[in-house]
2 protein chains.
Amino acid sequence: MNTEETIKQPAKPRGRPLAFNQDEALEAALNVFWAHGYEGTSMAELTGALGINKPSIYAAFGNKEELFRKALAHYVAGPAAFVTEVKSAVTAREVVENFLRQTVEFFSDKSTPNGCLIVQAALTCGQGSSVIQQELIAYRKHFEAAFAARFELAKAQSDLPQDANVASLAKYLATIHQGLSVQATSGATKEELMAVVELALKNWPNN
Amino acid sequence: MNTEETIKQPAKPRGRPLAFNQDEALEAALNVFWAHGYEGTSMAELTGALGINKPSIYAAFGNKEELFRKALAHYVAGPAAFVTEVKSAVTAREVVENFLRQTVEFFSDKSTPNGCLIVQAALTCGQGSSVIQQELIAYRKHFEAAFAARFELAKAQSDLPQDANVASLAKYLATIHQGLSVQATSGATKEELMAVVELALKNWPNN
DNA sequence: TTATATTTGTACCAATTGGTATTTAAATAA
DNA sequence: TTATTTAAATACCAATTGGTACAAATATAA
């Protein structure tokens, strides 16, 4: 490795310094997209929420699409990181329990918008946003496939029945998750969502 | 009753006759809203789909909001009528089975957009459409409450256990339905959706 | 034929959409 | 100090948004 490149000095900024924190701005943008969806969020609303004006947003993040993608990555690595992390539980049963219960906590957290950004941000849209719509669909499929892979592992460990259809189980889990997201956005309380989860869990193999 | 008012003659149209069929136009509008959502549908797209120009749409249906409401009523009374009808089955179990299986058929019908209009048309939106968003939330709650009432009846008939929480059962059912809608919009096949339904049905009381 | 009623099509409206050109301000390097 | 680099702020852009004024067209009633 080239130390001159890997060891980054605090760096000496040449011109006028940035007047805002990029991470904070990205988080503010995430919250707006999360609450109003991709098309439901206007650049004007973003300038208000981030506290910086349009040319600065474009200079820092590209265009609206790019800003959304960066906010999405921030979401996956930040508030939604538990979705990836829960898979490290020792049994499939625990994976599913942790996932659904943490999902309920997450969806009803009052400090963030309700529901899931990846489910809601562009479920339907005009022609101009179908690229984002397709990218969100791909995200959903990716997460679903990751759960299927985890269940496949469980099957190999005899932690799930040999005749279990891991793809269907993963899709069942994803369906519950997406339904919970709609419910959370529609005003369901944490207790109501948790009761749904308890019903859904009754249905898991090797109960 | 006043026969002069109740018995309607075919009526003699005074001015220039309508050049389009109102029901067909409404159905065309429904299909566009169904596919692209409320905000994702522009008046320009509607004029194209209905084959009539804007002033005629406004004269016949009011404004965009009113047109959406009429398309929504058309949806509830037409393609989505089964949601109300399934509740007439003799047991709660049959109600749920019929509802979920017919939902899958409905969502994967290739002659109409995938998924449910009431779930997708305005899950998220800009400030200007929150009225429609709230109305759709009210629709969802109404249908969920109707299932809860049906389950309450089943409970009185000892068709469901006495300790069954009918509100939670109805919310569980609505959650599955809404999740299936997201899945259908994301490209899941009929077979995949049906497999999810079979898993969800395993969880019903008095199996 | 003429008057009246209603719908059509064109052309337009202000407001908002995402996106930028340009000038001014604030920093460092020479 | 001066040149250079970068960001901020204002003001603007064409395109699209939902919605309408108005005149021409098409029907019935008198």
# chains A, B, ... in the order shown; residues from 1 in each chain; ligands from 1
$ interface_residues --of "chain C" --to "chain B" --cutoff "10 Å" --atoms "only C-alpha atoms (C1' of nucleotides)" --output "JSON, numbers by chain"
{"C": [4, 5, 6, 7, 8, 9]}
$ write_last_selection --atoms "C-alpha atoms (C1' of nucleotides)" --output "short mmCIF file (atom, residue, chain, number, x, y, z; two decimals), in the first residue's frame"
data_model
loop_
_atom_site.label_atom_id
_atom_site.label_comp_id
_atom_site.auth_asym_id
_atom_site.auth_seq_id
_atom_site.Cartn_x
_atom_site.Cartn_y
_atom_site.Cartn_z
"C1'" DT C 4 -80.88 27.83 -26.65
"C1'" DA C 5 -78.16 24.38 -24.42
"C1'" DT C 6 -74.17 21.63 -24.05
"C1'" DT C 7 -69.61 19.64 -25.56
"C1'" DT C 8 -65.64 20.03 -28.04
"C1'" DG C 9 -60.81 21.71 -29.23
#
$ residues_around --residues "Val196 of chain B" --least-positions-apart "2" --cutoff "9 Å" --atoms "only C-alpha atoms (C1' of nucleotides)" --output "PyMOL selection string"
(chain A and resi 168-169+171-173+175) or (chain B and resi 176+180+191-194+198-201)
$ residues_around --residues "Lys190 of chain A" --least-positions-apart "2" --cutoff "9 Å" --atoms "only C-alpha atoms (C1' of nucleotides)" --output "list in words"
Val104, Glu105, Phe107, Ser108, Asp109, Ala184, Ala188, Glu192, Leu193, Met194 and Ala195 of chain A
$ write_last_selection --atoms "N, CA and C atoms" --output "short mmCIF file (atom, residue, chain, number, x, y, z; two decimals), in the first residue's frame"
data_model
loop_
_atom_site.label_atom_id
_atom_site.label_comp_id
_atom_site.auth_asym_id
_atom_site.auth_seq_id
_atom_site.Cartn_x
_atom_site.Cartn_y
_atom_site.Cartn_z
N VAL A 104 -40.69 -3.83 14.27
CA VAL A 104 -41.78 -3.09 14.92
C VAL A 104 -41.23 -1.89 15.70
N GLU A 105 -40.17 -2.14 16.47
CA GLU A 105 -39.56 -1.03 17.21
C GLU A 105 -39.12 0.07 16.24
N PHE A 107 -40.14 0.71 13.10
CA PHE A 107 -41.24 1.38 12.41
C PHE A 107 -42.02 2.34 13.32
N SER A 108 -42.01 2.06 14.61
CA SER A 108 -42.79 2.93 15.49
C SER A 108 -41.91 3.88 16.30
N ASP A 109 -40.64 3.95 15.94
CA ASP A 109 -39.74 4.92 16.58
C ASP A 109 -40.22 6.33 16.25
N ALA A 184 -47.69 0.65 9.65
CA ALA A 184 -47.04 1.70 10.44
C ALA A 184 -47.31 3.07 9.83
N ALA A 188 -50.82 2.56 12.70
CA ALA A 188 -50.90 1.49 13.69
C ALA A 188 -49.90 1.74 14.81
N GLU A 192 -50.10 -2.69 18.51
CA GLU A 192 -50.86 -3.36 17.45
C GLU A 192 -49.93 -4.13 16.50
N LEU A 193 -48.83 -3.48 16.13
CA LEU A 193 -47.88 -4.15 15.23
C LEU A 193 -47.26 -5.37 15.91
N MET A 194 -46.97 -5.25 17.19
CA MET A 194 -46.35 -6.37 17.89
C MET A 194 -47.31 -7.56 17.97
N ALA A 195 -48.59 -7.27 18.14
CA ALA A 195 -49.58 -8.36 18.18
C ALA A 195 -49.63 -9.09 16.83
#
$ closest_atom_pairs --of "segment 27-71 of chain A" --to "segment 120-123 of chain B" --cutoff "12 Å" --atoms "only C-alpha atoms" --output "Markdown table"
| residue | atom | partner | partner_atom | distance |
| --- | --- | --- | --- | --- |
| A:Trp34 | CA | B:Leu123 | CA | 11.3 |
| A:Ala35 | CA | B:Leu123 | CA | 9.9 |
| A:His36 | CA | B:Leu123 | CA | 8.8 |
| A:Gly37 | CA | B:Leu123 | CA | 8.5 |
| A:Tyr38 | CA | B:Leu123 | CA | 11.6 |
| A:Glu39 | CA | B:Ala122 | CA | 11.0 |
| A:Gly40 | CA | B:Ala122 | CA | 9.6 |
$ write_last_selection --atoms "C-alpha atoms" --output "short mmCIF file (atom, residue, chain, number, x, y, z; two decimals), in the first residue's frame"
data_model
loop_
_atom_site.label_atom_id
_atom_site.label_comp_id
_atom_site.auth_asym_id
_atom_site.auth_seq_id
_atom_site.Cartn_x
_atom_site.Cartn_y
_atom_site.Cartn_z
CA TRP A 34 -38.41 8.69 4.15
CA ALA A 35 -41.49 10.71 5.05
CA HIS A 36 -42.65 11.83 1.61
CA GLY A 37 -41.13 9.35 -0.83
CA TYR A 38 -38.96 10.11 -3.84
CA GLU A 39 -41.44 11.94 -6.05
CA GLY A 40 -43.28 13.41 -3.07
#
$ interface_residues --of "chain D" --to "chain B" --cutoff "10 Å" --atoms "only C-alpha atoms (C1' of nucleotides)" --output "list in words"
DT16, DT17, DG18, DG19, DT20, DA25, DT26, DA27, DT28 and DA29 of chain D
$ select_by_dssp --residues "chain B" --states "helix (DSSP H, G or I)" --output "PyMOL selection string"
chain B and resi 3-6+22-36+43-50+54-61+64-77+82-88+92-107+117-120+127-156+166-185+190-201
$ residues_around --residues "DT22 of chain C" --least-positions-apart "3" --cutoff "12 Å" --atoms "only C-alpha atoms (C1' of nucleotides)" --output "list of chain:residue names"
A:Pro55, D:DA8, D:DA9, D:DT10, D:DA11, D:DC12
$ atom_distance --atom1 "atom CA of Thr185 of chain A" --atom2 "atom CA of Ala146 of chain A"
25.1 Å
$ atom_distance --atom1 "atom CA of Val86 of chain B" --atom2 "atom CA of Ala145 of chain B"
14.4 Å
$ atom_distance --atom1 "atom CA of His74 of chain A" --atom2 "atom CA of Leu100 of chain A"
21.4 Å
$ residues_around --residues "DA30 of chain D" --least-positions-apart "5" --cutoff "12 Å" --atoms "only C-alpha atoms (C1' of nucleotides)" --output "count of residues only"
4
$ closest_residue --among "B:Phe33, B:Gly62, B:Ser111, B:Ala174" --to "Tyr75 of chain B" --atoms "only C-alpha atoms"
B:Phe33
$ closest_residue --among "D:DA15, D:DA7, D:DT2, D:DA21" --to "DG18 of chain C" --atoms "only C-alpha atoms (C1' of nucleotides)"
D:DA15
